[in-house]
Structure formats: structure tokens, C-alpha cells
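One file, coords.txt, is given below (compact mmCIF, C-alpha atoms).
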```txt
# COMPACT_ATOMS: atom_id res chain seq x y z
CA MET Z 1 133.74 131.51 156.00
CA PRO Z 2 134.13 131.86 159.79
CA ASP Z 3 130.92 133.05 161.46
CA THR Z 4 131.77 136.00 163.73
CA SER Z 5 128.14 137.14 163.97
CA GLY Z 6 127.52 139.26 167.01
CA LYS Z 7 131.23 139.79 167.75
CA GLY Z 8 132.66 143.32 167.75
CA CYS Z 9 135.53 144.30 165.44
CA LEU Z 10 139.07 145.16 166.49
CA PHE Z 11 140.75 147.94 164.48
CA LEU Z 12 144.47 148.63 164.90
CA LEU Z 13 146.13 151.90 163.95
CA SER Z 14 149.90 152.41 163.68
CA GLY Z 15 152.17 154.89 162.02
CA PRO Z 16 155.48 156.62 162.62
CA SER Z 17 155.94 159.89 164.53
CA GLY Z 18 155.09 162.65 162.08
CA SER Z 19 152.45 160.58 160.27
CA GLY Z 20 149.77 162.49 162.12
CA LYS Z 21 148.20 159.34 163.57
CA ASP Z 22 147.29 160.93 166.91
CA THR Z 23 145.31 163.72 165.26
CA ILE Z 24 143.60 161.22 162.96
CA LEU Z 25 142.79 159.00 165.93
CA LYS Z 26 141.13 161.85 167.86
CA GLN Z 27 139.01 162.89 164.89
CA VAL Z 28 137.97 159.30 164.11
CA LEU Z 29 136.87 158.78 167.73
CA ALA Z 30 134.94 162.07 167.61
CA ARG Z 31 133.15 160.99 164.41
CA LEU Z 32 132.41 157.45 165.62
CA PRO Z 33 131.34 157.80 169.26
CA ASP Z 34 130.25 154.16 169.48
CA LEU Z 35 133.84 153.00 168.94
CA HIS Z 36 135.74 152.12 172.14
CA PHE Z 37 139.35 153.23 172.46
CA SER Z 38 141.72 150.79 174.11
CA ILE Z 39 143.90 152.43 176.77
CA SER Z 40 147.53 151.23 176.98
CA ALA Z 41 149.09 150.06 180.21
CA THR Z 42 152.53 151.33 181.22
CA THR Z 43 155.01 151.34 184.06
CA ARG Z 44 156.44 154.74 183.12
CA PRO Z 45 155.77 157.58 185.59
CA ARG Z 46 152.75 159.86 185.06
CA ARG Z 47 154.08 163.13 183.54
CA ASP Z 48 150.87 165.06 183.23
CA PRO Z 49 147.30 164.65 184.59
CA SER Z 50 145.98 164.23 181.01
CA ASP Z 51 148.12 161.07 180.76
CA ASP Z 52 145.33 159.19 182.52
CA GLU Z 53 143.21 159.48 179.39
CA LYS Z 54 145.83 157.59 177.42
CA TYR Z 55 147.49 155.24 179.93
CA HIS Z 56 146.58 152.84 182.65
CA PHE Z 57 149.49 153.14 185.11
CA MET Z 58 150.85 149.98 186.71
CA THR Z 59 153.80 149.05 188.89
CA ARG Z 60 156.54 146.93 187.40
CA GLU Z 61 155.41 143.98 189.56
CA GLU Z 62 151.80 144.26 188.35
CA PHE Z 63 152.97 144.48 184.74
CA GLU Z 64 155.28 141.46 184.99
CA GLN Z 65 152.52 139.42 186.65
CA GLY Z 66 150.27 140.44 183.72
CA ILE Z 67 152.87 139.28 181.18
CA ALA Z 68 153.21 135.94 182.98
CA ALA Z 69 149.42 135.52 183.06
CA GLY Z 70 149.12 136.37 179.33
CA THR Z 71 146.85 139.36 179.96
CA PHE Z 72 148.44 141.57 177.25
CA LEU Z 73 147.63 141.41 173.54
CA GLU Z 74 151.12 142.83 173.05
CA HIS Z 75 153.79 144.35 175.19
CA ALA Z 76 157.24 145.86 174.80
CA ARG Z 77 159.92 147.49 176.89
CA TYR Z 78 161.29 150.89 175.90
CA VAL Z 79 163.94 152.77 177.89
CA ASP Z 80 163.38 150.80 181.11
CA HIS Z 81 159.58 150.96 181.05
CA TYR Z 82 156.93 148.50 179.95
CA TYR Z 83 154.07 149.38 177.60
CA GLY Z 84 151.27 147.02 176.67
CA THR Z 85 147.71 146.51 175.44
CA PRO Z 86 145.51 144.78 178.04
CA ALA Z 87 143.46 142.05 176.36
CA GLY Z 88 140.65 141.94 178.95
CA PRO Z 89 138.65 145.09 178.16
CA ILE Z 90 139.04 144.53 174.40
CA GLU Z 91 137.74 140.97 174.64
CA ALA Z 92 134.86 142.03 176.91
CA TRP Z 93 133.71 144.76 174.47
CA ARG Z 94 134.03 142.48 171.45
CA ALA Z 95 132.04 139.73 173.18
CA LYS Z 96 129.21 142.25 173.63
CA GLY Z 97 129.32 143.08 169.89
CA GLU Z 98 131.04 146.42 170.43
CA ASP Z 99 133.91 147.62 168.25
CA VAL Z 100 137.32 148.68 169.55
CA LEU Z 101 140.16 150.81 168.17
CA VAL Z 102 143.69 150.28 169.44
CA GLU Z 103 146.74 152.41 168.67
CA CYS Z 104 150.05 150.67 168.87
CA GLU Z 105 153.73 150.76 167.84
CA VAL Z 106 154.75 148.56 164.92
CA GLN Z 107 156.47 145.88 167.06
CA GLY Z 108 153.34 145.51 169.21
CA ALA Z 109 151.11 145.58 166.13
CA LEU Z 110 152.96 142.58 164.68
CA GLN Z 111 152.26 140.71 167.95
CA ILE Z 112 148.55 141.58 167.81
CA MET Z 113 148.35 140.43 164.15
CA GLN Z 114 149.60 137.00 165.27
CA ARG Z 115 147.12 136.78 168.13
CA VAL Z 116 143.96 138.22 166.55
CA PRO Z 117 143.26 136.66 163.16
CA ASP Z 118 140.15 138.77 162.49
CA LEU Z 119 141.98 142.05 163.19
CA THR Z 120 141.67 145.01 160.79
CA SER Z 121 145.07 146.73 160.63
CA ILE Z 122 145.73 150.22 159.29
CA PHE Z 123 149.09 151.91 158.73
CA ILE Z 124 149.26 155.71 158.46
CA MET Z 125 152.01 157.10 156.21
CA PRO Z 126 153.16 160.64 155.52
CA PRO Z 127 152.87 161.55 151.81
CA SER Z 128 156.67 161.83 151.45
CA LEU Z 129 159.87 161.79 153.44
CA ALA Z 130 160.22 165.55 152.90
CA VAL Z 131 156.84 166.15 154.58
CA LEU Z 132 157.74 163.79 157.44
CA ARG Z 133 161.01 165.64 158.01
CA ARG Z 134 159.27 169.04 157.97
CA ARG Z 135 156.59 167.88 160.43
CA LEU Z 136 159.19 166.52 162.83
CA GLN Z 137 161.42 169.62 162.51
CA ASN Z 138 158.42 171.79 163.41
CA ARG Z 139 158.40 170.18 166.87
CA GLN Z 140 160.38 172.93 168.52
CA THR Z 141 160.97 170.86 171.65
CA GLU Z 142 163.46 168.48 170.01
CA THR Z 143 167.10 168.72 169.00
CA ALA Z 144 168.27 168.06 165.43
CA GLU Z 145 169.72 164.79 166.67
CA GLN Z 146 166.41 163.68 168.20
CA THR Z 147 164.63 164.56 164.94
CA GLU Z 148 167.13 162.53 162.93
CA LYS Z 149 166.61 159.57 165.27
CA ARG Z 150 162.83 159.81 164.81
CA ILE Z 151 163.28 159.81 161.02
CA GLN Z 152 165.40 156.65 161.19
CA THR Z 153 162.77 154.98 163.42
CA ALA Z 154 160.04 156.08 161.00
CA LEU Z 155 161.93 154.47 158.08
CA THR Z 156 162.24 151.20 160.02
CA GLU Z 157 158.53 151.29 160.84
CA MET Z 158 157.51 152.07 157.25
CA ARG Z 159 159.39 148.98 156.06
CA ALA Z 160 156.87 146.95 158.11
CA ALA Z 161 153.85 148.67 156.52
CA PRO Z 162 153.20 145.81 154.01
CA HIS Z 163 152.23 143.59 156.98
CA TYR Z 164 149.15 145.76 157.51
CA GLN Z 165 145.90 145.32 155.57
CA TYR Z 166 145.35 149.00 154.78
CA LEU Z 167 147.49 152.03 154.01
CA VAL Z 168 146.22 155.55 154.59
CA ILE Z 169 148.40 158.36 153.24
CA ASN Z 170 148.00 161.40 155.45
CA ASP Z 171 148.39 164.22 152.94
CA ALA Z 172 145.14 166.10 153.63
CA LEU Z 173 143.96 165.38 157.20
CA GLU Z 174 140.24 165.39 156.38
CA ASP Z 175 140.75 162.79 153.62
CA ALA Z 176 142.85 160.59 155.89
CA VAL Z 177 140.16 160.70 158.62
CA SER Z 178 137.47 159.79 156.05
CA GLN Z 179 139.58 156.90 154.80
CA VAL Z 180 140.04 155.46 158.29
CA CYS Z 181 136.29 155.87 158.94
CA GLY Z 182 135.60 154.12 155.59
CA ILE Z 183 137.83 151.20 156.57
CA ILE Z 184 135.98 150.93 159.90
CA THR Z 185 132.62 151.04 158.08
CA ALA Z 186 133.82 148.28 155.75
CA GLY Z 187 135.06 146.17 158.68
CA ARG Z 188 131.61 146.40 160.24
CA ALA Z 189 130.00 145.31 156.95
CA ALA Z 190 132.27 142.24 156.59
CA MET Z 191 130.13 139.24 155.62
CA ALA Z 192 131.42 137.03 158.46
CA ARG Z 193 129.68 139.32 160.96
CA HIS Z 194 126.26 138.99 159.34
CA ILE Z 195 125.75 135.27 158.86
CA ASP Z 196 123.24 135.13 161.75
CA PHE Z 197 121.27 138.00 160.24
CA ILE Z 198 120.99 136.25 156.86
CA ASN Z 199 119.86 133.03 158.53
CA GLU Z 200 117.24 134.89 160.56
CA VAL Z 201 115.80 136.56 157.45
CA LEU Z 202 115.75 133.26 155.54
CA GLN Z 203 114.13 131.41 158.45
CA SER Z 204 111.40 134.02 158.82
CA CYS Z 205 109.59 132.88 155.65
CA MET J 206 151.11 139.93 149.52
CA PRO J 207 150.32 140.39 145.79
CA ASP J 208 151.46 143.77 144.51
CA THR J 209 148.57 145.36 142.61
CA SER J 210 150.08 148.86 142.77
CA GLY J 211 148.73 151.11 140.08
CA LYS J 212 145.84 148.79 139.21
CA GLY J 213 142.26 150.00 139.59
CA CYS J 214 139.78 148.17 141.83
CA LEU J 215 136.73 146.23 140.70
CA PHE J 216 133.66 146.51 142.96
CA LEU J 217 130.67 144.22 142.43
CA LEU J 218 127.19 144.99 143.71
CA SER J 219 124.34 142.47 143.80
CA GLY J 220 121.08 142.14 145.62
CA PRO J 221 117.56 140.88 145.08
CA SER J 222 114.69 142.90 143.60
CA GLY J 223 113.34 145.02 146.45
CA SER J 224 116.75 145.38 148.13
CA GLY J 225 116.98 148.90 146.71
CA LYS J 226 120.27 148.20 144.96
CA ASP J 227 119.48 150.38 141.92
CA THR J 228 118.80 153.46 144.07
CA ILE J 229 121.94 152.80 146.11
CA LEU J 230 123.96 152.37 142.91
CA LYS J 231 122.79 155.72 141.51
CA GLN J 232 123.61 157.56 144.72
CA VAL J 233 127.03 155.92 145.06
CA LEU J 234 127.92 156.90 141.47
CA ALA J 235 126.74 160.47 142.16
CA ARG J 236 128.94 160.67 145.30
CA LEU J 237 132.00 159.09 143.65
CA PRO J 238 132.21 160.62 140.17
CA ASP J 239 135.64 159.08 139.51
CA LEU J 240 134.17 155.56 139.68
CA HIS J 241 133.37 154.01 136.28
CA PHE J 242 130.14 152.09 135.88
CA SER J 243 130.29 148.96 133.77
CA ILE J 244 127.46 148.76 131.24
CA SER J 245 125.94 145.30 130.63
CA ALA J 246 125.60 143.81 127.18
CA THR J 247 122.31 142.20 126.14
CA THR J 248 120.48 140.75 123.16
CA ARG J 249 117.04 141.75 124.47
CA PRO J 250 115.22 144.44 122.49
CA ARG J 251 115.52 148.08 123.49
CA ARG J 252 112.31 149.01 125.37
CA ASP J 253 113.00 152.63 126.14
CA PRO J 254 115.59 155.21 124.93
CA SER J 255 117.02 155.45 128.50
CA ASP J 256 117.97 151.75 128.17
CA ASP J 257 121.11 152.85 126.34
CA GLU J 258 122.50 154.21 129.62
CA LYS J 259 122.27 150.75 131.14
CA TYR J 260 122.80 148.34 128.26
CA HIS J 261 125.02 147.83 125.29
CA PHE J 262 122.71 146.19 122.72
CA MET J 263 124.08 143.34 120.61
CA THR J 264 122.68 140.82 118.15
CA ARG J 265 122.57 137.18 119.18
CA GLU J 266 125.38 136.43 116.69
CA GLU J 267 127.62 139.14 118.14
CA PHE J 268 126.92 137.92 121.68
CA GLU J 269 127.63 134.27 120.85
CA GLN J 270 130.88 135.23 119.13
CA GLY J 271 131.79 137.16 122.31
CA ILE J 272 131.09 134.11 124.49
CA ALA J 273 133.24 131.94 122.23
CA ALA J 274 136.06 134.51 122.35
CA GLY J 275 135.86 134.80 126.17
CA THR J 276 135.07 138.51 126.08
CA PHE J 277 132.55 138.38 128.96
CA LEU J 278 133.45 138.35 132.66
CA GLU J 279 130.10 136.60 133.14
CA HIS J 280 127.05 135.89 131.04
CA ALA J 281 123.68 134.25 131.43
CA ARG J 282 120.57 133.58 129.41
CA TYR J 283 117.16 134.62 130.77
CA VAL J 284 113.88 134.12 128.88
CA ASP J 285 115.52 133.72 125.46
CA HIS J 286 117.92 136.66 125.80
CA TYR J 287 121.58 136.90 126.72
CA TYR J 288 122.96 139.28 129.34
CA GLY J 289 126.63 139.72 130.11
CA THR J 290 129.45 141.87 131.48
CA PRO J 291 132.04 142.76 128.80
CA ALA J 292 135.54 142.30 130.24
CA GLY J 293 137.32 144.68 127.81
CA PRO J 294 136.31 148.11 129.17
CA ILE J 295 136.73 146.94 132.79
CA GLU J 296 140.23 145.63 132.14
CA ALA J 297 141.20 148.79 130.24
CA TRP J 298 140.06 151.08 133.09
CA ARG J 299 141.75 148.95 135.74
CA ALA J 300 145.01 148.88 133.77
CA LYS J 301 144.96 152.71 133.86
CA GLY J 302 144.50 152.63 137.66
CA GLU J 303 140.83 153.61 137.47
CA ASP J 304 138.19 151.93 139.62
CA VAL J 305 135.06 150.25 138.26
CA LEU J 306 131.69 149.32 139.74
CA VAL J 307 129.67 146.50 138.20
CA GLU J 308 126.11 145.51 139.05
CA CYS J 309 125.20 141.93 138.41
CA GLU J 310 122.78 139.09 139.20
CA VAL J 311 123.91 136.49 141.72
CA GLN J 312 124.65 133.78 139.14
CA GLY J 313 126.86 136.16 137.18
CA ALA J 314 128.49 137.46 140.36
CA LEU J 315 129.59 133.92 141.27
CA GLN J 316 131.25 133.67 137.82
CA ILE J 317 133.06 137.01 138.31
CA MET J 318 134.28 135.91 141.78
CA GLN J 319 135.94 132.90 140.12
CA ARG J 320 137.58 135.00 137.42
CA VAL J 321 138.67 138.08 139.37
CA PRO J 322 140.52 137.12 142.56
CA ASP J 323 141.04 140.73 143.70
CA LEU J 324 137.34 141.58 143.35
CA THR J 325 135.49 143.41 146.15
CA SER J 326 131.95 141.96 146.34
CA ILE J 327 128.99 143.56 148.10
CA PHE J 328 125.54 142.05 148.67
CA ILE J 329 122.61 144.37 149.46
CA MET J 330 119.88 142.90 151.69
CA PRO J 331 116.52 144.24 152.78
CA PRO J 332 116.26 144.53 156.60
CA SER J 333 113.57 141.83 156.73
CA LEU J 334 111.37 139.68 154.58
CA ALA J 335 108.36 141.77 155.61
CA VAL J 336 110.04 144.94 154.24
CA LEU J 337 111.03 143.13 151.03
CA ARG J 338 107.44 141.96 150.53
CA ARG J 339 106.07 145.46 151.13
CA ARG J 340 108.55 147.05 148.70
CA LEU J 341 107.68 144.54 145.99
CA GLN J 342 103.93 144.85 146.59
CA ASN J 343 104.23 148.62 146.17
CA ARG J 344 105.22 148.06 142.53
CA GLN J 345 101.73 148.57 141.17
CA THR J 346 102.70 147.23 137.76
CA GLU J 347 102.94 143.61 138.88
CA THR J 348 100.42 140.90 139.70
CA ALA J 349 100.40 139.12 143.07
CA GLU J 350 101.78 136.07 141.30
CA GLN J 351 104.72 138.04 139.84
CA THR J 352 105.43 139.50 143.30
CA GLU J 353 105.43 136.03 144.85
CA LYS J 354 107.84 134.83 142.17
CA ARG J 355 110.18 137.75 142.89
CA ILE J 356 110.13 136.89 146.61
CA GLN J 357 111.06 133.27 145.86
CA THR J 358 113.91 134.46 143.60
CA ALA J 359 115.06 136.88 146.33
CA LEU J 360 115.18 134.02 148.86
CA THR J 361 117.31 131.94 146.48
CA GLU J 362 119.64 134.89 145.91
CA MET J 363 119.95 135.67 149.63
CA ARG J 364 121.09 132.08 150.26
CA ALA J 365 124.15 132.94 148.12
CA ALA J 366 124.96 136.10 150.12
CA PRO J 367 127.68 134.38 152.24
CA HIS J 368 129.79 134.06 149.05
CA TYR J 369 130.19 137.86 149.03
CA GLN J 370 132.77 139.74 151.11
CA TYR J 371 130.43 142.43 152.41
CA LEU J 372 126.81 142.69 153.46
CA VAL J 373 124.97 146.00 153.44
CA ILE J 374 121.52 146.00 155.03
CA ASN J 375 119.36 148.58 153.28
CA ASP J 376 117.16 149.77 156.11
CA ALA J 377 117.85 153.54 155.90
CA LEU J 378 118.93 154.44 152.35
CA GLU J 379 121.44 157.12 153.40
CA ASP J 380 123.23 154.67 155.73
CA ALA J 381 123.35 151.98 153.06
CA VAL J 382 124.86 154.44 150.55
CA SER J 383 127.48 155.51 153.13
CA GLN J 384 128.33 151.89 153.84
CA VAL J 385 128.88 151.08 150.16
CA CYS J 386 131.02 154.24 149.81
CA GLY J 387 133.00 153.17 152.91
CA ILE J 388 133.64 149.73 151.41
CA ILE J 389 134.86 151.40 148.20
CA THR J 390 137.12 153.74 150.22
CA ALA J 391 138.55 150.73 152.07
CA GLY J 392 139.12 148.83 148.80
CA ARG J 393 141.11 151.78 147.51
CA ALA J 394 143.20 151.82 150.72
CA ALA J 395 144.02 148.09 150.51
CA MET J 396 147.74 147.60 151.18
CA ALA J 397 148.35 145.58 148.00
CA ARG J 398 147.64 148.71 145.94
CA HIS J 399 150.26 150.83 147.71
CA ILE J 400 153.42 148.73 147.70
CA ASP J 401 154.98 150.93 144.98
CA PHE J 402 154.24 154.05 147.00
CA ILE J 403 155.93 152.66 150.12
CA ASN J 404 158.99 151.64 148.09
CA GLU J 405 159.19 155.09 146.49
CA VAL J 406 159.11 156.83 149.89
CA LEU J 407 161.73 154.46 151.31
CA GLN J 408 164.00 154.88 148.30
CA SER J 409 163.81 158.68 148.45
CA CYS J 410 166.05 158.84 151.53
```
Let's see the structure in the file written out as C-alpha cells.
Amino acid sequence: MPDTSGKGCLFLLSGPSGSGKDTILKQVLARLPDLHFSISATTRPRRDPSDDEKYHFMTREEFEQGIAAGTFLEHARYVDHYYGTPAGPIEAWRAKGEDVLVECEVQGALQIMQRVPDLTSIFIMPPSLAVLRRRLQNRQTETAEQTEKRIQTALTEMRAAPHYQYLVINDALEDAVSQVCGIITAGRAAMARHIDFINEVLQSC
Amino acid sequence: MPDTSGKGCLFLLSGPSGSGKDTILKQVLARLPDLHFSISATTRPRRDPSDDEKYHFMTREEFEQGIAAGTFLEHARYVDHYYGTPAGPIEAWRAKGEDVLVECEVQGALQIMQRVPDLTSIFIMPPSLAVLRRRLQNRQTETAEQTEKRIQTALTEMRAAPHYQYLVINDALEDAVSQVCGIITAGRAAMARHIDFINEVLQSC
């Protein structure tokens, strides 16, 4: 067994639009205040002052230099803008024994799985396609065509779910939040993290 | 990934005397009433009517026939008596999609790990040797020599802890119970159990 004693855990959360992953994420972070949340980097323009809580804004040049230097755990380009997960802060927290939660699209998640072998990955699913459709249709800001496009993207993303270690079905929100917190609790109790502790106890006699 | 959709989980709990595993076990079963508890079989005499909650009593002949027929997930002989974990009820529950918790000594646990590849194994540790010693000394019914023997056995058992998947340090009881419940929640959310669900959702469109 690899000895990762003293190293913080990395938890990854993904799920399609309409899975409710953003609400789950907020409630998990509220319940587990010692968990760091990894902020994404992007080159897209700031739309709203609250965006700064979720994104670290970079110029295209800065982002491309970062890609070349390998400073992203994953990155992707959507509609002319880059999005990525900076590796630096995550590695610094983990080295101090602190745990980190990252939220990420499926394509990026598959990149992180390749790069971080001791990752704990969680996929959030809606309980049915009918529920997903209803949740997306309730977003009054979108056209029927946009909703249909989101459903097709969700289907593509759900086909990748078996690559994740855990599946949380978001039927009742409170249950889904408890399940994610349970998975985080289990990750923290993983034997590989406690080998030093066992050796200390055994050597104290 | 193996598809274990529809199959119940098997959770295994071990820990030395003084780790508090029996108290944790009781509280976990009270919190998770849908979890079955696997009763051990033994040839030792019944000491107390409440023993029937914990043991299935068998004659030596019945037990030896069971060993020969492979009906135990693990078995061992201590001080002239057999102890074992009957496989039948566990397999029947799991086949129905129901989850089972089994408590077992370390030697037996190592046998179950060999036989049940999708087992979730949890080792309970005291926070220090000093705490273990104090807990064992507080058992007024035992001589100093018996206590010392228990400590030596605990040390031997703790050396096997790295064979388990999870370590729960029983410092504060409530935290330890929550950790075991979290590990059980995570086991239930393991991706391998939900492949059928994902396929059903995808096929419904």
C-alpha cells in the first residue's frame, strides 16, 4: 500500500447541468469548513462581481504560458475561452495535509484522473431523465433549443460516469449532501493516510 | 470496472480489545437500521441469555461439518472452541441487495479479505497506547496479567491494520461512529453498484 501519511486528499465533483451539483457543492463546503475549494482559472470576461469567488481571471497570454509550463491539472477551451484548474494551490494545500475539493467538467475530470492517482472522484446524477428535463426547463432564462442542447450534453457526460469512483443520485438534496460528505469522510479515513500514525503507536511501547 | 449493480455491500469491522469497537458497532447499527448484522457461530457454551443476540450456538460436530462443507467465510479455534462467520445468511442478504456488517478478529478478517474481493474493511484503533492501557485497566474484572496479555494481543493486531482499507481512530466516540457511518455511505455510493442505474437513465431517452 502506498504511504500517503500526512498528505491532504483531493476530491473531485462533476455532474451535468441540472444534476444540482452547484447546490450540493455549496452545502458540502458549509458543512465541512476545513475543506478548501479550488478556484478555476479562466480567460472569459468577468460578468458579475460575484464571479471572483468562483474564477481566477487571466489573460489569454498568461493562460497559454501556464499551459506550456504545465501549471494546470486540467484545462479546456470552450467557445473561444480557456478554463482550467491551477495545480499550484491544490498541491500546496495537500502538502500541508489539508484537503481540497475541485469541481470540474467531465473532460477536465478525465484529465485529472490521469494525473492524480490518489484522487477521489464523485459524479452527481439526476434521479431520472424526466427530472433532469424538468429542472432545466425551469430555468426561465433559456430557450427550448438551449435546454435541448443541455440535455444532449448531459447524456454525453453521463456516459462517462463509470470512470468515476462514486455515484451520488441527487433525488433528495439533503441525502445527496450527506452522501458526498460521507465519501469525503471515508477518503480521510483511507488506510494509506494513516500508516505513520500506526507506526507511531506501535513504536511508543 | 466490475458491475455489482443490485448486490448488497459487505462491511467488516475489526479492532483490538480496548479500541471501543463493540460500542461503535452498537451505535452504527442503531443509526443505520437497514444494515444487517452478521451473527457469529461458535461451539463455546452459552454463558448468558443475551449471548443469543451475538452467537449462533453449534455443537462441535455441526461446526466441523460446516468447515468441511465450506459454509464459513472464516473460522478459527480459540481455547478449545470454534468461532466462525457463516457465509449463507450474508450471501442471501447481499443477493437481495441488502448490506451486511460483520465484526471479526484480525485472523478471521484476513481470511474474509481473501474470499470477498469487494469487501469494505475497517480497523478501529485507540488514539494511543496509553489510552488503550487505561481502557483495559478500567475493566475491574481482570488481573494485571490478563490486561498485559490483552495489550500484547492488541499490538499484534494493530500490526495487521495496514491490510484494511480504512482506519478509524476512536478518540471521541461520536466522531468514530460518524466516520464508520461515512465509510458505509461511501461503500453504498461506489460506482460499481450503480452501473445498471446509469444504463437505465441513458436508455430512457
Can I get the residues of region 4-119 of chain Z within 12 Å of region 177-200 of chain Z, each with the closest pair of atoms and their distance in Å to one decimal, using all atoms listed in the file, sorted chain first then ascending number, as JSON lines?
```
{"residue": "Z:Thr4", "atom": "CA", "partner": "Z:Arg193", "partner_atom": "CA", "distance": 4.8}
{"residue": "Z:Ser5", "atom": "CA", "partner": "Z:Arg193", "partner_atom": "CA", "distance": 4.0}
{"residue": "Z:Gly6", "atom": "CA", "partner": "Z:Arg193", "partner_atom": "CA", "distance": 6.4}
{"residue": "Z:Lys7", "atom": "CA", "partner": "Z:Arg193", "partner_atom": "CA", "distance": 7.0}
{"residue": "Z:Gly8", "atom": "CA", "partner": "Z:Arg188", "partner_atom": "CA", "distance": 8.2}
{"residue": "Z:Cys9", "atom": "CA", "partner": "Z:Arg188", "partner_atom": "CA", "distance": 6.8}
{"residue": "Z:Leu10", "atom": "CA", "partner": "Z:Gly187", "partner_atom": "CA", "distance": 8.8}
{"residue": "Z:Phe11", "atom": "CA", "partner": "Z:Ile184", "partner_atom": "CA", "distance": 7.3}
{"residue": "Z:Leu12", "atom": "CA", "partner": "Z:Ile184", "partner_atom": "CA", "distance": 10.1}
{"residue": "Z:Leu13", "atom": "CA", "partner": "Z:Val180", "partner_atom": "CA", "distance": 9.0}
{"residue": "Z:Ser14", "atom": "CA", "partner": "Z:Val180", "partner_atom": "CA", "distance": 11.6}
{"residue": "Z:Gly20", "atom": "CA", "partner": "Z:Val177", "partner_atom": "CA", "distance": 10.4}
{"residue": "Z:Lys21", "atom": "CA", "partner": "Z:Val177", "partner_atom": "CA", "distance": 9.5}
{"residue": "Z:Asp22", "atom": "CA", "partner": "Z:Val177", "partner_atom": "CA", "distance": 10.9}
{"residue": "Z:Thr23", "atom": "CA", "partner": "Z:Val177", "partner_atom": "CA", "distance": 8.9}
{"residue": "Z:Ile24", "atom": "CA", "partner": "Z:Val177", "partner_atom": "CA", "distance": 5.6}
{"residue": "Z:Leu25", "atom": "CA", "partner": "Z:Val177", "partner_atom": "CA", "distance": 8.0}
{"residue": "Z:Lys26", "atom": "CA", "partner": "Z:Val177", "partner_atom": "CA", "distance": 9.4}
{"residue": "Z:Gln27", "atom": "CA", "partner": "Z:Val177", "partner_atom": "CA", "distance": 6.7}
{"residue": "Z:Val28", "atom": "CA", "partner": "Z:Val177", "partner_atom": "CA", "distance": 6.1}
{"residue": "Z:Leu29", "atom": "CA", "partner": "Z:Cys181", "partner_atom": "CA", "distance": 9.3}
{"residue": "Z:Ala30", "atom": "CA", "partner": "Z:Val177", "partner_atom": "CA", "distance": 10.5}
{"residue": "Z:Arg31", "atom": "CA", "partner": "Z:Cys181", "partner_atom": "CA", "distance": 8.1}
{"residue": "Z:Leu32", "atom": "CA", "partner": "Z:Cys181", "partner_atom": "CA", "distance": 7.9}
{"residue": "Z:Pro33", "atom": "CA", "partner": "Z:Cys181", "partner_atom": "CA", "distance": 11.6}
{"residue": "Z:Asp34", "atom": "CA", "partner": "Z:Ile184", "partner_atom": "CA", "distance": 11.6}
{"residue": "Z:Leu35", "atom": "CA", "partner": "Z:Ile184", "partner_atom": "CA", "distance": 9.5}
{"residue": "Z:Arg94", "atom": "CA", "partner": "Z:Arg193", "partner_atom": "CA", "distance": 11.8}
{"residue": "Z:Gly97", "atom": "CA", "partner": "Z:Arg193", "partner_atom": "CA", "distance": 9.7}
{"residue": "Z:Glu98", "atom": "CA", "partner": "Z:Arg188", "partner_atom": "CA", "distance": 10.2}
{"residue": "Z:Asp99", "atom": "CA", "partner": "Z:Arg188", "partner_atom": "CA", "distance": 8.4}
{"residue": "Z:Val100", "atom": "CA", "partner": "Z:Ile184", "partner_atom": "CA", "distance": 10.0}
{"residue": "Z:Leu101", "atom": "CA", "partner": "Z:Ile184", "partner_atom": "CA", "distance": 9.3}
{"residue": "Z:Asp118", "atom": "CA", "partner": "Z:Gly187", "partner_atom": "CA", "distance": 9.8}
{"residue": "Z:Leu119", "atom": "CA", "partner": "Z:Gly187", "partner_atom": "CA", "distance": 9.2}
```
Shortest contact to Leu136 (chain Z), candidates Z:Thr59, Z:Pro16, Z:Pro89, Z:Ala172, atoms counted all atoms listed in the file, goes to Z:Pro16
Would you kindly return, as a PyMOL selection string, each protein, DNA or RNA residue with an atom no farther than 10 Å from any atom of Ser224 (chain J), considering all atoms listed in the file and excluding same-chain residues fewer than 5 positions away? chain J and resi 219+229+328-333+336-337+340-341+359+373-376
Between CA of Gly88 (chain Z) and CA of Thr71 (chain Z), what distance in Å does the model show, to one decimal?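 It comes out at 6.8 Å.
In this structure, CA of Tyr78 (chain Z) sits 13.7 Å away from CA of Phe63 (chain Z).
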Could you state the separation of CA of Arg265 (chain J) and CA of Gly220 (chain J) in Å, given to one decimal place?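 CA of Arg265 (chain J) sits 26.9 Å away from CA of Gly220 (chain J).
Every protein, DNA or RNA residue with an atom at most 7 Å from region 79-87 of chain Z, where all atoms listed in the file count and chain neighbours fewer than 6 positions away do not, is listed here: Z:Ser40, Z:Ala41, Z:Thr42, Z:Thr43, Z:Arg44, Z:Thr71, Z:Phe72, Z:Leu73.
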Using only C-alpha atoms, the residue out of Z:Arg47, Z:Asp3, Z:Gln114, Z:Ala144 with shortest distance to chain J is Z:Asp3
Long-range neighbours of Met318 (chain J) as JSON, numbers by chain, 10 Å cut-off, only C-alpha atoms, 3 positions minimum in chain: {"J": [217, 278, 279, 313, 314, 315, 321, 322, 323, 324, 325, 326, 368, 369]}
Around all of region 371-381 of chain J's listed atoms, make the axis-aligned box with 3 Å on each side and tell me centre and edge lengths in Å to one decimal, as AutoDock Vina command-line options.
```
--center_x 123.8 --center_y 149.8 --center_z 154.2 --size_x 19.3 --size_y 20.7 --size_z 9.8
```
